[in-house]
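J.: Have a look at this one before I ask anything.
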Amino acid sequence: MKNRLRVLRAERNWSQLEVGNRVGVSRQAINAVETGRFDPSLPLALKLARVFETTVESIFELESGE
Amino acid sequence: MSKVMPLNQALKFFLVMVLALVVLYAGGALSDRLVTNQSAGLRWLGVAAALVSLGPWLWIIFQSLSHADEYHRRIALVGTAAAFVIDLLFHVALNVIVGAHLVSSTGSLPALPVAMGIWLLSVAVTFLYYRASL
């Protein structure tokens, strides 16, 4: 699953730790989501969407074949 | 906010870990004495002592998981699943090896340290796997 987390974070000049604090997870978790090693749960995806004031679909996207 | 443990809670946690080690050792020693007793009731008590001595460690594991986020819980879950399979394979292999008289059947490995070692190793390898698979 692809995501635009890094781009959204860079636009706001937020660190991974800051995003993690805002959604209630660790910096490692945000890093793992950003790098595609870990797919977040639906509650976490919704929290990320709320923090970035956008929709889940605009952050996460299925890759071809998924 | 992410779940960060304050210093006083971390100290309390450390003390509980030390206490858990003492209880594990003392419970094991007590159990060893009780299970060789003539009385069946005391032997059952020995079984109970062995199980109860694991209680603090189980509490520590549950506390650790309750402070972890979903990413670290995933690592713990995958590591635990891997540890279950590795532990099963290890014991099957060991039984076959002993049955084949490749090693002495009089010697035995302590089950609990082996299981804990395999679990810790599996969780550590899973952690490294999740970090490495970029």
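To be explicit about the labels: the chains of the structure tokens are called A, B, and onward in the order shown, and within each one the residues are counted from 1, while ligands get numbers from 1 in the order they are shown.
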For Val114 (chain B), list every protein, DNA or RNA residue within 9 Å, evaluated using only C-alpha atoms, and leave out those in the same chain fewer than 5 positions away; present the list as an NGL selection string.
T.: :B and (87 or 109 or 119)
J.: Generate a file of the selected residues that holds N, CA, C and O atoms, formatted as a compact mmCIF listing (two decimals), in the first residue's frame.
T.:
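The resulting result-v6.txt:
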# COMPACT_ATOMS: atom_id res chain seq x y z
N ASP B 87 9.56 -23.25 19.03
CA ASP B 87 9.57 -24.04 20.27
C ASP B 87 9.05 -25.46 20.01
O ASP B 87 9.62 -26.43 20.50
N LEU B 109 16.95 -30.43 29.21
CA LEU B 109 17.04 -28.98 29.15
C LEU B 109 15.90 -28.38 29.97
O LEU B 109 14.78 -28.88 29.91
N TRP B 119 11.43 -17.24 22.81
CA TRP B 119 10.45 -16.14 22.64
C TRP B 119 11.18 -14.80 22.47
O TRP B 119 10.87 -14.04 21.55
J.: Region 51-56 of chain A: which residues within 9 Å, counting only C-alpha atoms, same-chain residues fewer than 3 positions away excluded, as a tab-separated table (two decimals) with C-alpha atoms, in the first residue's frame?
T.:
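The resulting file, out_24.tsv, is shown below:
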chain	number	residue	atom	x	y	z
A	8	LEU	CA	2.01	15.60	3.96
A	9	ARG	CA	4.41	15.70	6.87
A	12	ARG	CA	3.65	20.95	7.47
A	19	VAL	CA	2.94	13.12	14.01
A	22	ARG	CA	-0.60	13.78	17.55
A	23	VAL	CA	-2.09	10.37	16.74
A	45	ALA	CA	-5.58	5.70	9.43
A	46	LEU	CA	-8.61	7.79	10.42
A	47	LYS	CA	-6.59	9.61	13.07
A	48	LEU	CA	-3.87	10.37	10.52
A	59	ILE	CA	-3.25	9.50	2.18
A	60	PHE	CA	-3.34	5.78	1.42
A	61	GLU	CA	-3.67	4.12	-1.95
J.: Taking only C-alpha atoms into account, produce a table as a tab-separated table in which each residue of region 33-82 of chain B with an atom at most 8 Å from an atom of region 13-20 of chain B appears once, together with its shortest atom pair and the distance in Å to one decimal, ordered by chain and rising number.
T.:
residue	atom	partner	partner_atom	distance
B:Ser53	CA	B:Ala20	CA	7.9
B:Leu54	CA	B:Ala20	CA	7.9
B:Pro56	CA	B:Ala20	CA	5.1
B:Trp57	CA	B:Ala20	CA	6.0
B:Ile60	CA	B:Met17	CA	7.3
J.: Would you mind exporting all heavy atoms of the selected residues as a PDB file, in the first residue's frame?
T.:
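Below is the file that was written, out_29.pdb:
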ATOM      1  N   SER B  53       4.442 -18.834  40.234  1.00  0.00           N
ATOM      2  CA  SER B  53       5.721 -18.114  40.146  1.00  0.00           C
ATOM      3  C   SER B  53       5.896 -17.427  38.788  1.00  0.00           C
ATOM      4  O   SER B  53       6.720 -16.525  38.643  1.00  0.00           O
ATOM      5  CB  SER B  53       6.889 -19.058  40.426  1.00  0.00           C
ATOM      6  OG  SER B  53       6.996 -20.008  39.395  1.00  0.00           O
ATOM      7  N   LEU B  54       5.122 -17.861  37.809  1.00  0.00           N
ATOM      8  CA  LEU B  54       5.176 -17.222  36.478  1.00  0.00           C
ATOM      9  C   LEU B  54       4.296 -15.979  36.403  1.00  0.00           C
ATOM     10  O   LEU B  54       4.420 -15.182  35.473  1.00  0.00           O
ATOM     11  CB  LEU B  54       4.720 -18.209  35.399  1.00  0.00           C
ATOM     12  CG  LEU B  54       5.672 -19.362  35.094  1.00  0.00           C
ATOM     13  CD1 LEU B  54       4.995 -20.367  34.190  1.00  0.00           C
ATOM     14  CD2 LEU B  54       6.938 -18.847  34.440  1.00  0.00           C
ATOM     15  N   PRO B  56       4.041 -12.973  37.974  1.00  0.00           N
ATOM     16  CA  PRO B  56       4.606 -11.631  37.793  1.00  0.00           C
ATOM     17  C   PRO B  56       5.159 -11.397  36.387  1.00  0.00           C
ATOM     18  O   PRO B  56       5.052 -10.296  35.856  1.00  0.00           O
ATOM     19  CB  PRO B  56       5.724 -11.582  38.840  1.00  0.00           C
ATOM     20  CG  PRO B  56       5.306 -12.543  39.882  1.00  0.00           C
ATOM     21  CD  PRO B  56       4.602 -13.636  39.164  1.00  0.00           C
ATOM     22  N   TRP B  57       5.736 -12.439  35.793  1.00  0.00           N
ATOM     23  CA  TRP B  57       6.264 -12.281  34.427  1.00  0.00           C
ATOM     24  C   TRP B  57       5.144 -12.057  33.426  1.00  0.00           C
ATOM     25  O   TRP B  57       5.279 -11.256  32.506  1.00  0.00           O
ATOM     26  CB  TRP B  57       7.095 -13.498  34.021  1.00  0.00           C
ATOM     27  CG  TRP B  57       8.471 -13.390  34.557  1.00  0.00           C
ATOM     28  CD1 TRP B  57       9.011 -14.122  35.559  1.00  0.00           C
ATOM     29  CD2 TRP B  57       9.481 -12.449  34.157  1.00  0.00           C
ATOM     30  NE1 TRP B  57      10.291 -13.696  35.814  1.00  0.00           N
ATOM     31  CE2 TRP B  57      10.605 -12.679  34.966  1.00  0.00           C
ATOM     32  CE3 TRP B  57       9.536 -11.434  33.202  1.00  0.00           C
ATOM     33  CZ2 TRP B  57      11.776 -11.935  34.855  1.00  0.00           C
ATOM     34  CZ3 TRP B  57      10.701 -10.691  33.088  1.00  0.00           C
ATOM     35  CH2 TRP B  57      11.804 -10.943  33.899  1.00  0.00           C
ATOM     36  N   ILE B  60       4.099  -8.537  33.756  1.00  0.00           N
ATOM     37  CA  ILE B  60       5.049  -7.642  33.077  1.00  0.00           C
ATOM     38  C   ILE B  60       4.800  -7.632  31.565  1.00  0.00           C
ATOM     39  O   ILE B  60       4.795  -6.574  30.928  1.00  0.00           O
ATOM     40  CB  ILE B  60       6.509  -8.069  33.390  1.00  0.00           C
ATOM     41  CG1 ILE B  60       6.861  -7.685  34.828  1.00  0.00           C
ATOM     42  CG2 ILE B  60       7.499  -7.432  32.419  1.00  0.00           C
ATOM     43  CD1 ILE B  60       8.158  -8.263  35.328  1.00  0.00           C
TER      44      ILE B  60
END
J.: Of the candidates B:Ala100, B:Ser122, B:Ala111, B:Arg74, which shows the shortest atom-to-atom distance to chain A, using only C-alpha atoms?
T.: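 Checking each candidate against chain A, we get B:Arg74 as the closest.
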J.: Between chain A and chain B, at 12 Å or less, what are the per-residue closest atom pairs and their distances in Å? Count only C-alpha atoms, order by chain and rising residue number, and return it as a Markdown table.
T.:
| residue | atom | partner | partner_atom | distance |
| --- | --- | --- | --- | --- |
| A:Gln16 | CA | B:Ser2 | CA | 11.7 |
| A:Leu17 | CA | B:Ser2 | CA | 9.0 |
| A:Glu18 | CA | B:Met1 | CA | 9.1 |
| A:Val19 | CA | B:Met1 | CA | 9.4 |
| A:Gly20 | CA | B:Ser2 | CA | 6.4 |
| A:Asn21 | CA | B:Met1 | CA | 4.2 |
| A:Arg22 | CA | B:Met1 | CA | 5.7 |
| A:Val23 | CA | B:Met1 | CA | 6.5 |
| A:Gly24 | CA | B:Ser2 | CA | 4.0 |
| A:Val25 | CA | B:Ser2 | CA | 4.7 |
| A:Ser26 | CA | B:Ser2 | CA | 5.8 |
| A:Arg27 | CA | B:Ser2 | CA | 8.7 |
| A:Gln28 | CA | B:Tyr71 | CA | 7.9 |
| A:Ala29 | CA | B:Tyr71 | CA | 5.3 |
| A:Ile30 | CA | B:Tyr71 | CA | 8.8 |
| A:Asn31 | CA | B:Arg131 | CA | 9.5 |
| A:Ala32 | CA | B:Arg131 | CA | 7.7 |
| A:Val33 | CA | B:Tyr71 | CA | 8.8 |
| A:Glu34 | CA | B:Leu134 | CA | 10.1 |
| A:Thr35 | CA | B:Leu134 | CA | 6.4 |
| A:Gly36 | CA | B:Leu134 | CA | 7.4 |
| A:Arg37 | CA | B:Tyr130 | CA | 6.5 |
| A:Phe38 | CA | B:Tyr71 | CA | 7.2 |
| A:Asp39 | CA | B:Tyr71 | CA | 8.9 |
| A:Pro40 | CA | B:Tyr71 | CA | 7.9 |
| A:Ser41 | CA | B:Glu70 | CA | 7.9 |
| A:Leu42 | CA | B:Glu70 | CA | 11.2 |
| A:Pro43 | CA | B:Glu70 | CA | 10.5 |
| A:Leu44 | CA | B:Glu70 | CA | 8.9 |
| A:Ala45 | CA | B:Glu70 | CA | 11.8 |
| A:Lys47 | CA | B:Met1 | CA | 11.9 |
J.: In Å, rounded to a single decimal, give me how far CA of Asp32 (chain B) is from CA of Ala48 (chain B).
T.: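 Taking CA of Ala48 (chain B) and CA of Asp32 (chain B), their separation equals 11.4 Å.
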J.: Just how far from CA of Arg73 (chain B) is CA of Val123 (chain B), in Å to one decimal?
T.: 10.5 Å
J.: Work out how far apart CA of Leu45 (chain B) and CA of Ser31 (chain B) are and give it in Å to one decimal.
T.: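 Separating CA of Leu45 (chain B) from CA of Ser31 (chain B) is a distance of 7.7 Å.
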J.: From chain B, collect each residue whose DSSP state is helix (DSSP H, G or I) and return the set as a PyMOL selection string.
T.: chain B and resi 7-34+40-52+55-67+70-99+111-132
